[in-house]
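A.B. asks: File name final.cif; file contents mmCIF, C-alpha atoms; full text below.
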data_coords
#
loop_
_atom_site.label_atom_id
_atom_site.label_comp_id
_atom_site.auth_asym_id
_atom_site.auth_seq_id
_atom_site.Cartn_x
_atom_site.Cartn_y
_atom_site.Cartn_z
CA MET A 189 90.04 120.17 182.80
CA GLU A 190 92.27 118.73 185.49
CA ALA A 191 93.35 115.12 185.80
CA ARG A 192 92.75 113.25 189.04
CA ILE A 193 95.49 111.26 190.75
CA LEU A 194 94.66 108.08 192.62
CA GLN A 195 97.28 106.22 194.64
CA SER A 196 97.36 102.53 193.87
CA SER A 197 96.63 100.37 196.87
CA SER A 198 99.56 99.01 198.82
CA SER A 199 97.51 96.05 199.98
CA CYS A 200 97.82 92.64 198.36
CA TYR A 201 95.96 92.34 195.09
CA SER A 202 95.89 90.03 192.13
CA SER A 203 94.30 90.65 188.76
CA LEU A 204 94.65 89.28 185.27
CA TYR A 205 92.15 90.29 182.62
CA THR A 206 91.86 91.17 178.97
CA VAL A 207 89.12 93.28 177.42
CA ASN A 208 88.68 93.43 173.65
CA ARG A 209 86.75 95.96 171.61
CA SER A 210 84.53 94.60 168.83
CA ARG A 211 81.91 97.30 168.39
CA PHE A 212 82.59 97.79 164.68
CA SER A 213 84.24 94.86 162.98
CA SER A 214 85.91 97.00 160.32
CA VAL A 215 87.60 99.27 162.85
CA SER A 216 90.88 97.91 164.11
CA SER A 217 92.20 99.00 167.47
CA PRO A 218 95.81 100.17 167.82
CA LYS A 219 98.29 97.69 169.16
CA PRO A 220 98.21 96.61 171.86
CA PHE A 221 94.61 95.58 171.17
CA SER A 222 94.16 94.58 174.78
CA VAL A 223 95.55 95.50 178.15
CA SER A 224 96.60 92.86 180.62
CA PHE A 225 97.48 93.42 184.24
CA ALA A 226 99.89 90.76 185.41
CA GLN A 227 99.49 89.19 188.80
CA THR A 228 101.11 91.18 191.57
CA THR A 229 101.65 89.73 195.03
CA ARG A 230 102.72 91.32 198.23
CA THR A 231 105.35 89.61 200.31
CA ARG A 232 104.35 89.58 203.95
CA THR A 233 107.12 91.05 206.08
CA ARG A 234 107.42 89.39 209.45
CA VAL A 235 109.03 91.65 212.04
CA LEU A 236 111.05 89.71 214.58
CA SER A 237 112.70 90.77 217.79
CA MET A 238 116.35 91.69 217.35
CA SER A 239 117.36 90.55 220.84
CA LYS A 240 120.04 87.87 221.17
CA LYS A 241 117.65 85.63 223.04
CA ASP A 242 115.92 84.98 219.71
CA GLY A 243 119.15 83.41 218.51
CA ARG A 244 120.11 86.42 216.35
CA THR A 245 123.63 87.79 216.28
CA ASP A 246 124.93 91.34 216.30
CA LYS A 247 125.44 91.03 212.55
CA ASP A 248 121.75 90.27 212.11
CA ASP A 249 120.93 93.58 213.81
CA ASP A 250 122.31 95.48 210.80
CA THR A 251 119.85 93.87 208.36
CA ASP A 252 117.14 96.28 207.14
CA SER A 253 113.57 95.07 206.96
CA LEU A 254 112.02 95.50 203.51
CA ASN A 255 108.37 96.19 202.81
CA TYR A 256 106.12 96.54 199.76
CA LYS A 257 105.30 100.23 200.14
CA ASP A 258 108.93 101.34 200.33
CA SER A 259 109.72 99.45 197.13
CA GLY A 260 107.96 102.17 195.11
CA ASP A 261 104.21 102.77 194.89
CA SER A 262 102.69 104.15 191.69
CA TYR A 263 99.78 106.50 191.13
CA LEU A 264 96.93 106.02 188.71
CA VAL A 265 95.98 109.27 186.98
CA ALA A 266 92.52 109.59 185.45
CA GLY A 267 91.08 112.23 183.12
CA THR A 268 87.73 112.69 181.41
CA ASP A 269 86.52 115.26 178.88
CA GLY A 270 84.55 115.87 175.72
CA VAL A 271 84.96 118.10 172.68
CA GLY A 272 82.23 120.63 173.41
CA THR A 273 80.49 122.52 170.65
CA LYS A 274 83.21 121.68 168.16
CA LEU A 275 80.77 118.89 167.41
CA LYS A 276 78.42 121.48 165.88
CA LEU A 277 81.06 122.30 163.29
CA ALA A 278 81.64 118.60 162.67
CA PHE A 279 77.95 118.28 161.81
CA GLU A 280 78.09 121.33 159.53
CA THR A 281 81.33 120.43 157.74
CA GLY A 282 80.76 116.68 157.60
CA ILE A 283 84.27 116.16 159.01
CA HIS A 284 83.86 113.24 161.41
CA ASP A 285 87.08 111.27 160.97
CA THR A 286 89.24 113.54 163.17
CA ILE A 287 86.84 114.47 165.99
CA GLY A 288 87.86 111.24 167.73
CA ILE A 289 91.46 112.47 167.84
CA ASP A 290 90.19 115.57 169.65
CA LEU A 291 88.37 113.37 172.12
CA VAL A 292 91.45 111.34 173.02
CA ALA A 293 93.68 114.41 173.10
CA MET A 294 91.58 116.28 175.63
CA SER A 295 91.97 113.52 178.22
CA VAL A 296 95.52 112.27 177.58
CA ASN A 297 96.92 115.80 177.40
CA ASP A 298 95.45 116.40 180.84
CA ILE A 299 96.93 113.34 182.49
CA ILE A 300 100.45 113.85 181.13
CA THR A 301 100.58 117.15 183.05
CA SER A 302 101.14 114.95 186.13
CA GLY A 303 103.89 113.03 184.36
CA ALA A 304 101.66 110.01 183.74
CA LYS A 305 101.97 107.69 180.76
CA PRO A 306 98.52 106.85 179.31
CA LEU A 307 97.56 103.20 179.68
CA PHE A 308 94.09 102.95 178.18
CA PHE A 309 91.13 104.92 176.90
CA LEU A 310 87.36 104.42 176.99
CA ASP A 311 84.77 106.32 174.95
CA TYR A 312 81.04 107.04 175.06
CA PHE A 313 79.16 107.64 171.80
CA ALA A 314 75.49 108.67 172.05
CA THR A 315 73.00 109.31 169.26
CA SER A 316 69.29 109.05 168.52
CA ARG A 317 69.68 106.47 165.76
CA LEU A 318 72.94 104.72 165.04
CA ASP A 319 74.40 105.51 161.62
CA VAL A 320 77.08 102.84 161.40
CA ASP A 321 79.04 104.56 158.60
CA LEU A 322 79.19 107.84 160.52
CA ALA A 323 80.02 106.14 163.81
CA GLU A 324 82.78 104.18 162.11
CA LYS A 325 84.43 107.44 161.02
CA VAL A 326 84.31 108.75 164.56
CA ILE A 327 85.71 105.55 166.05
CA LYS A 328 88.53 105.50 163.50
CA GLY A 329 89.55 108.92 164.80
CA ILE A 330 89.53 107.59 168.35
CA VAL A 331 91.70 104.67 167.25
CA GLU A 332 94.15 107.10 165.64
CA GLY A 333 94.23 109.22 168.79
CA CYS A 334 95.05 106.15 170.87
CA ARG A 335 97.76 105.18 168.38
CA GLN A 336 99.36 108.61 168.73
CA SER A 337 99.11 108.33 172.52
CA GLU A 338 100.51 104.79 172.55
CA CYS A 339 97.63 103.64 174.74
CA ALA A 340 95.07 100.88 174.31
CA LEU A 341 91.47 101.54 173.27
CA LEU A 342 90.06 99.31 175.96
CA GLY A 343 86.39 99.60 175.09
CA GLY A 344 83.44 101.92 174.65
CA GLU A 345 79.71 102.42 175.00
CA THR A 346 77.31 103.16 172.15
CA ALA A 347 73.97 104.55 173.30
CA GLU A 348 70.93 104.96 171.08
CA MET A 349 68.36 107.35 172.58
CA PRO A 350 65.50 107.94 170.11
CA ASP A 351 64.37 111.57 169.77
CA PHE A 352 67.02 112.79 172.22
CA TYR A 353 69.41 114.15 169.56
CA ALA A 354 68.67 115.77 166.21
CA GLU A 355 68.93 113.53 163.16
CA GLY A 356 72.58 112.93 162.24
CA GLU A 357 73.93 114.40 165.50
CA TYR A 358 75.74 112.70 168.34
CA ASP A 359 77.65 113.41 171.54
CA LEU A 360 81.02 112.15 172.73
CA SER A 361 82.92 111.78 175.96
CA GLY A 362 86.14 110.03 176.77
CA PHE A 363 88.05 108.67 179.74
CA ALA A 364 91.80 108.04 180.02
CA VAL A 365 93.83 106.33 182.72
CA GLY A 366 97.60 106.56 183.06
CA ILE A 367 100.30 105.65 185.55
CA VAL A 368 103.25 107.45 187.11
CA LYS A 369 105.79 106.47 189.73
CA LYS A 370 105.30 108.20 193.06
CA THR A 371 108.79 109.68 192.82
CA SER A 372 108.13 110.97 189.30
CA VAL A 373 104.90 112.88 189.85
CA ILE A 374 105.01 116.41 188.44
CA ASN A 375 103.13 118.73 190.80
CA GLY A 376 104.84 122.10 190.53
CA LYS A 377 106.06 122.15 194.13
CA ASN A 378 109.68 122.73 193.08
CA ILE A 379 108.96 125.68 190.78
CA VAL A 380 110.89 128.83 191.70
CA ALA A 381 111.20 132.34 190.35
CA GLY A 382 113.55 132.31 187.37
CA ASP A 383 112.26 129.05 185.91
CA VAL A 384 111.41 129.21 182.22
CA LEU A 385 108.12 128.72 180.37
CA ILE A 386 108.42 126.68 177.17
CA GLY A 387 105.43 126.65 174.81
CA LEU A 388 104.57 123.83 172.42
CA PRO A 389 102.57 124.88 169.34
CA SER A 390 98.92 124.06 168.83
CA SER A 391 97.23 123.10 165.56
CA GLY A 392 94.52 125.72 165.97
CA VAL A 393 91.64 126.27 168.35
CA HIS A 394 91.84 122.63 169.49
CA SER A 395 88.60 121.81 171.38
CA ASN A 396 87.77 124.87 173.47
CA GLY A 397 86.13 128.23 172.79
CA PHE A 398 83.85 127.08 169.98
CA SER A 399 80.73 128.76 171.35
CA LEU A 400 82.51 132.09 170.82
CA VAL A 401 83.99 130.93 167.50
CA ARG A 402 80.54 130.11 166.16
CA ARG A 403 79.28 133.58 167.08
CA VAL A 404 82.24 135.13 165.29
CA LEU A 405 81.57 132.95 162.26
CA ALA A 406 77.94 134.10 162.18
CA ARG A 407 79.00 137.75 162.34
CA SER A 408 81.60 137.35 159.57
CA ASN A 409 79.11 136.41 156.82
CA LEU A 410 81.68 133.86 155.65
CA SER A 411 80.92 130.18 155.20
CA LEU A 412 82.97 127.26 156.39
CA ASN A 413 83.89 126.64 152.73
CA ASP A 414 85.41 130.09 152.32
CA ALA A 415 89.14 130.63 152.55
CA LEU A 416 90.56 131.61 155.92
CA PRO A 417 91.75 135.24 155.54
CA GLY A 418 95.54 135.21 155.67
CA GLY A 419 95.62 131.41 155.80
CA SER A 420 96.12 128.54 153.37
CA SER A 421 92.96 126.50 154.01
CA THR A 422 89.22 126.92 154.30
CA LEU A 423 87.71 128.16 157.53
CA GLY A 424 86.12 124.77 158.05
CA ASP A 425 89.39 122.88 157.71
CA ALA A 426 91.23 125.36 159.94
CA LEU A 427 88.63 125.16 162.68
CA MET A 428 88.34 121.37 162.51
CA ALA A 429 92.12 120.72 162.66
CA PRO A 430 92.48 117.99 165.30
CA THR A 431 93.93 118.78 168.70
CA VAL A 432 97.64 118.04 168.99
CA ILE A 433 98.43 115.02 171.17
CA TYR A 434 101.54 115.93 173.18
CA VAL A 435 102.11 112.58 174.86
CA LYS A 436 105.30 111.40 173.15
CA GLN A 437 106.99 114.80 173.05
CA VAL A 438 106.20 115.73 176.65
CA LEU A 439 107.08 112.36 178.17
CA ASP A 440 110.37 112.41 176.28
CA MET A 441 111.19 115.84 177.70
CA ILE A 442 110.20 114.73 181.19
CA GLU A 443 112.53 111.75 180.93
CA LYS A 444 115.45 114.04 180.11
CA GLY A 445 114.87 115.96 183.33
CA GLY A 446 114.23 119.51 184.46
CA VAL A 447 110.46 119.64 183.84
CA LYS A 448 108.76 121.00 186.98
CA GLY A 449 105.24 121.76 185.85
CA LEU A 450 102.89 121.47 182.87
CA ALA A 451 99.79 123.41 181.85
CA HIS A 452 97.43 122.12 179.16
CA ILE A 453 96.05 125.32 177.61
CA THR A 454 92.33 124.63 177.30
CA GLY A 455 89.31 126.64 178.45
CA GLY A 456 90.64 129.59 180.43
CA GLY A 457 93.57 130.12 178.08
CA PHE A 458 96.90 131.34 179.41
CA THR A 459 95.38 133.51 182.10
CA ASP A 460 93.58 130.78 184.02
CA ASN A 461 95.56 127.62 183.23
CA ILE A 462 99.17 128.61 183.86
CA PRO A 463 98.73 129.85 187.48
CA ARG A 464 97.28 126.46 188.49
CA VAL A 465 100.76 124.99 188.15
CA PHE A 466 102.49 127.40 190.54
CA PRO A 467 102.98 127.30 194.30
CA ASP A 468 101.54 130.26 196.20
CA GLY A 469 103.38 133.51 195.69
CA LEU A 470 104.51 132.86 192.12
CA GLY A 471 103.23 134.12 188.79
CA ALA A 472 104.33 134.35 185.18
CA VAL A 473 105.36 136.91 182.62
CA ILE A 474 104.41 135.99 179.04
CA HIS A 475 106.29 137.51 176.10
CA THR A 476 103.63 137.84 173.41
CA ASP A 477 106.25 138.43 170.69
CA ALA A 478 107.91 135.05 171.37
CA TRP A 479 105.75 133.38 168.71
CA GLU A 480 103.62 134.57 165.82
CA LEU A 481 99.88 134.61 166.37
CA PRO A 482 98.41 132.18 163.79
CA PRO A 483 96.07 133.62 161.10
CA LEU A 484 93.04 131.81 162.55
CA PHE A 485 93.31 133.66 165.87
CA LYS A 486 93.95 136.97 164.10
CA TRP A 487 90.76 136.46 162.12
CA ILE A 488 88.76 135.51 165.22
CA GLN A 489 89.94 138.58 167.14
CA GLN A 490 89.52 141.07 164.31
CA THR A 491 86.15 139.79 163.16
CA GLY A 492 84.74 139.47 166.66
CA ARG A 493 86.40 142.68 167.88
CA ILE A 494 87.56 140.73 170.91
CA GLU A 495 89.73 142.33 173.59
CA ASP A 496 93.24 140.97 174.16
CA SER A 497 92.32 139.97 177.71
CA GLU A 498 89.35 137.91 176.49
CA MET A 499 91.44 136.18 173.82
CA ARG A 500 94.05 135.25 176.42
CA ARG A 501 91.39 133.90 178.77
CA THR A 502 89.55 131.87 176.10
CA PHE A 503 91.95 130.51 173.46
CA ASN A 504 95.37 128.87 173.31
CA LEU A 505 96.59 131.50 170.80
CA GLY A 506 98.84 128.97 169.07
CA ILE A 507 100.38 127.40 172.19
CA GLY A 508 98.64 124.24 173.37
CA MET A 509 100.97 123.12 176.18
CA VAL A 510 103.21 125.16 178.47
CA MET A 511 106.07 123.52 180.35
CA VAL A 512 107.74 125.05 183.40
CA VAL A 513 111.38 123.99 183.30
CA SER A 514 114.69 124.82 184.93
CA PRO A 515 116.97 127.25 183.08
CA GLU A 516 119.32 124.35 182.29
CA ALA A 517 116.51 122.28 180.79
CA ALA A 518 115.34 125.31 178.81
CA SER A 519 118.79 125.67 177.24
CA ARG A 520 118.78 122.00 176.26
CA ILE A 521 115.28 122.17 174.79
CA LEU A 522 115.99 125.31 172.78
CA GLU A 523 119.21 123.74 171.46
CA GLU A 524 117.16 120.75 170.28
CA VAL A 525 114.79 123.20 168.60
CA LYS A 526 117.73 124.69 166.70
CA ASN A 527 118.65 121.20 165.56
CA GLY A 528 115.17 120.80 164.08
CA ASP A 529 114.05 118.07 166.48
CA TYR A 530 110.72 119.83 167.10
CA VAL A 531 109.16 123.28 167.44
CA ALA A 532 109.01 125.03 170.81
CA TYR A 533 109.24 128.60 172.06
CA ARG A 534 110.56 130.33 175.16
CA VAL A 535 107.33 132.16 175.99
CA GLY A 536 108.06 133.54 179.44
CA GLU A 537 109.44 133.18 182.94
CA VAL A 538 108.27 132.49 186.46
CA VAL A 539 108.32 135.58 188.70
CA ASN A 540 107.45 136.48 192.26
CA GLY A 541 103.85 137.63 192.47
CA GLU A 542 100.46 136.29 191.42
CA GLY A 543 98.70 135.61 188.13
CA VAL A 544 99.90 136.15 184.57
CA SER A 545 101.12 139.41 183.06
CA TYR A 546 101.84 140.06 179.39
CA GLN A 547 104.64 142.02 177.74
#
Render the structure in this file as structure tokens.
C.D. replies:
Amino acid sequence: MEARILQSSSSCYSSLYTVNRSRFSSVSSPKPFSVSFAQTTRTRTRVLSMSKKDGRTDKDDDTDSLNYKDSGDSYLVAGTDGVGTKLKLAFETGIHDTIGIDLVAMSVNDIITSGAKPLFFLDYFATSRLDVDLAEKVIKGIVEGCRQSECALLGGETAEMPDFYAEGEYDLSGFAVGIVKKTSVINGKNIVAGDVLIGLPSSGVHSNGFSLVRRVLARSNLSLNDALPGGSSTLGDALMAPTVIYVKQVLDMIEKGGVKGLAHITGGGFTDNIPRVFPDGLGAVIHTDAWELPPLFKWIQQTGRIEDSEMRRTFNLGIGMVMVVSPEAASRILEEVKNGDYVAYRVGEVVNGEGVSYQ
């Protein structure tokens, strides 16, 4: 899913409002609990003749006229998404307290690929008959996702539609809005051959590819309570691991400089998501030995007898975000990795050509 960028209006505007969420009294929203937009006014610039007959001197002629637009417009970046058929596994496992993290992650991870800092999040929760205890678990996950993203949970909609959903089931969607300075937008235009691809690890399947996962699970004759072969948890826990929220880590790296492009590895995997970042005429080489394929993906591929090409086009394979950075930035990032600041991998390089190749 791609985030949309909207340029904030350069015309005069004024707004000051606060919206509070009080859907479930026992669920506290992360601080800040509300978002306020302070009043902004535009100073009218009056352009005067610079001729001496207006009483202006030669010195006055050197004075530059200032205007609102040149002072630095910002862009609003909006993203919306859901969690797909991962919800089916939530119903089967009874794990509802982390699905809200997935919901927030899918939208905020999209908008940070433009360099935007998330401002606020809205959610939509739909069910046939409201089960307050179940809904509270879901909303707590959304609150936690917003806390991790350092954005406000501005509000939400709860819809009861009798007979529309099966008993105990629900659907979710989410909407995030962020902001980025016009001069700080990351759009990939400056990417060149020789730039480096840095991969940030995922927690598992995240929130894409679950239609295929469920077919593999049915073929395996294993239950969600069985141990993941080669892993340290049950299949259910491994599959329901919440999507990593990359907001803090990515924005910190952007601030340090050298980040030219970002790809959130969702549906389409490496093969479809990475090329979206590049200008025409550029592609990528991925080194598949740069990181170890997690046991969950090994099990999915072996059990489903899935081709490498299909795995690479469907799943994140253990890398949830790919950054395109300058060689200098790559050296700095990998040095920080050595220091134990975080985990990241040099997964490939930008090359002349098209698409993604694997070595």
A.B. asks: Need the shell around A:Ala532: protein/DNA/RNA residues with any atom at most 9 Å away, counting only C-alpha atoms. Skip same-chain ones fewer than 5 positions apart. Format as an NGL selection string?
C.D. replies: :A and (386-389 or 521-522 or 525)
A.B. asks: Could you tell me how far atom CA of A:Phe352 lies from atom CA of A:Ala429, in Å and to one decimal?
C.D. replies: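 Distance reported for this atom pair: 28.0 Å.
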A.B. asks: At most 6 Å is the cut-off: for each residue in stretch 335-408 of chain A with any atom that close to an atom of stretch 448-462 of chain A, write down the nearest atom pair and the distance in Å rounded to one decimal, counting all atoms listed in the file, chain first then increasing number, as JSON lines.
C.D. replies:
{"residue": "A:Ile374", "atom": "CA", "partner": "A:Gly449", "partner_atom": "CA", "distance": 5.9}
{"residue": "A:Gly376", "atom": "CA", "partner": "A:Gly449", "partner_atom": "CA", "distance": 4.7}
{"residue": "A:Asn396", "atom": "CA", "partner": "A:Gly455", "partner_atom": "CA", "distance": 5.5}
A.B. asks: Out of A:Gly424, A:Gly446, A:Pro417, A:Gly344, which residue has the shortest atom-to-atom distance to A:Pro515 when counting all atoms listed in the file?
C.D. replies: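 Nearest candidate to A:Pro515 out of A:Gly424, A:Gly446, A:Pro417, A:Gly344: A:Gly446.
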A.B. asks: One number please: atom CA of A:Tyr546 to atom CA of A:Ile379, in Å, one decimal.
C.D. replies: 19.7 Å
A.B. asks: From the set A:Gly303, A:Asp261, A:Val512, A:Thr491, which residue has the shortest atom-to-atom contact distance to A:Leu400, counting all atoms listed in the file?
C.D. replies: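 Of A:Gly303, A:Asp261, A:Val512, A:Thr491, the one nearest A:Leu400, counting all atoms listed in the file, is A:Thr491.
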A.B. asks: Taking the file as shown, find all residues satisfying the PyMOL selection byres ((chain A and resi 265-276) around 7) and write them as a PyMOL selection string.
C.D. replies: chain A and resi 191-194+263-264+277-280+290-291+294-295+298-299+304+360-367+395-396+398-399
A.B. asks: Using atom CA of A:Gly356 and atom CA of A:Gly282 as the two end points, give the distance in Å to one decimal.
C.D. replies: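 Computed distance, atom CA of A:Gly356 to atom CA of A:Gly282, equals 10.1 Å.
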A.B. asks: Taking all atoms listed in the file into account, which of A:Ala340, A:Val435, A:Ala347, A:Val473 comes nearest A:Asp319?
C.D. replies: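 Looking only at the distances to A:Asp319, the closest residue turns out to be A:Ala347.
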A.B. asks: Need the shell around A:Glu357: protein/DNA/RNA residues with any atom at most 7 Å away, counting only C-alpha atoms. Skip same-chain ones fewer than 2 positions apart. Format as an MDAnalysis selection string?
C.D. replies: chainID A and resid 279 315 353:355
A.B. asks: At a cut-off of 7 Å from (75.3, 107.4, 173.0) in the coordinates of the file, what residues are picked up using only C-alpha atoms, written as a ChimeraX atom specification?
C.D. replies: /A:312-315,345-349,359
A.B. asks: Run through the PyMOL selection byres ((chain A and resi 323-332) around 9) on the given coordinates and return the selected residues as number ranges by chain.
C.D. replies: A: 212, 214-218, 283-292, 311, 313, 318-322, 333-337, 340-341
A.B. asks: Within 7 Å of A:Ala478, counting only C-alpha atoms, which residues show up once you throw out same-chain ones fewer than 5 positions away? Write them as a PDB file with C-alpha atoms, keeping the file's coordinate frame, please.
C.D. replies:
ATOM      1  CA  TYR A 533     109.240 128.600 172.060  1.00  0.00           C
ATOM      2  CA  ARG A 534     110.560 130.330 175.160  1.00  0.00           C
ATOM      3  CA  VAL A 535     107.330 132.160 175.990  1.00  0.00           C
TER       4      VAL A 535
END
A.B. asks: I'd like the neighbourhood of A:Arg403 as a PyMOL selection string, where a residue qualifies if any of its atoms comes within 12 Å (using all atoms listed in the file), though same-chain residues fewer than 6 positions away should be ignored.
C.D. replies: chain A and resi 273+397+409-410+488-489+491-494
A.B. asks: Rank nothing, just name the residue among A:Lys436, A:Arg500, A:Lys486, A:Arg464 nearest to A:Ile300, using only C-alpha atoms.
C.D. replies: A:Lys436
A.B. asks: Residues picked by the PyMOL selection byres ((chain A and resi 517) around 9) here, as an MDAnalysis selection string?
C.D. replies: chainID A and resid 384 441 444:447 513:516 518:522
A.B. asks: Tell me which of A:Val380, A:Leu484, A:Ala426, A:Leu412 sits closest to A:Pro467, counting only C-alpha atoms.
C.D. replies: A:Val380
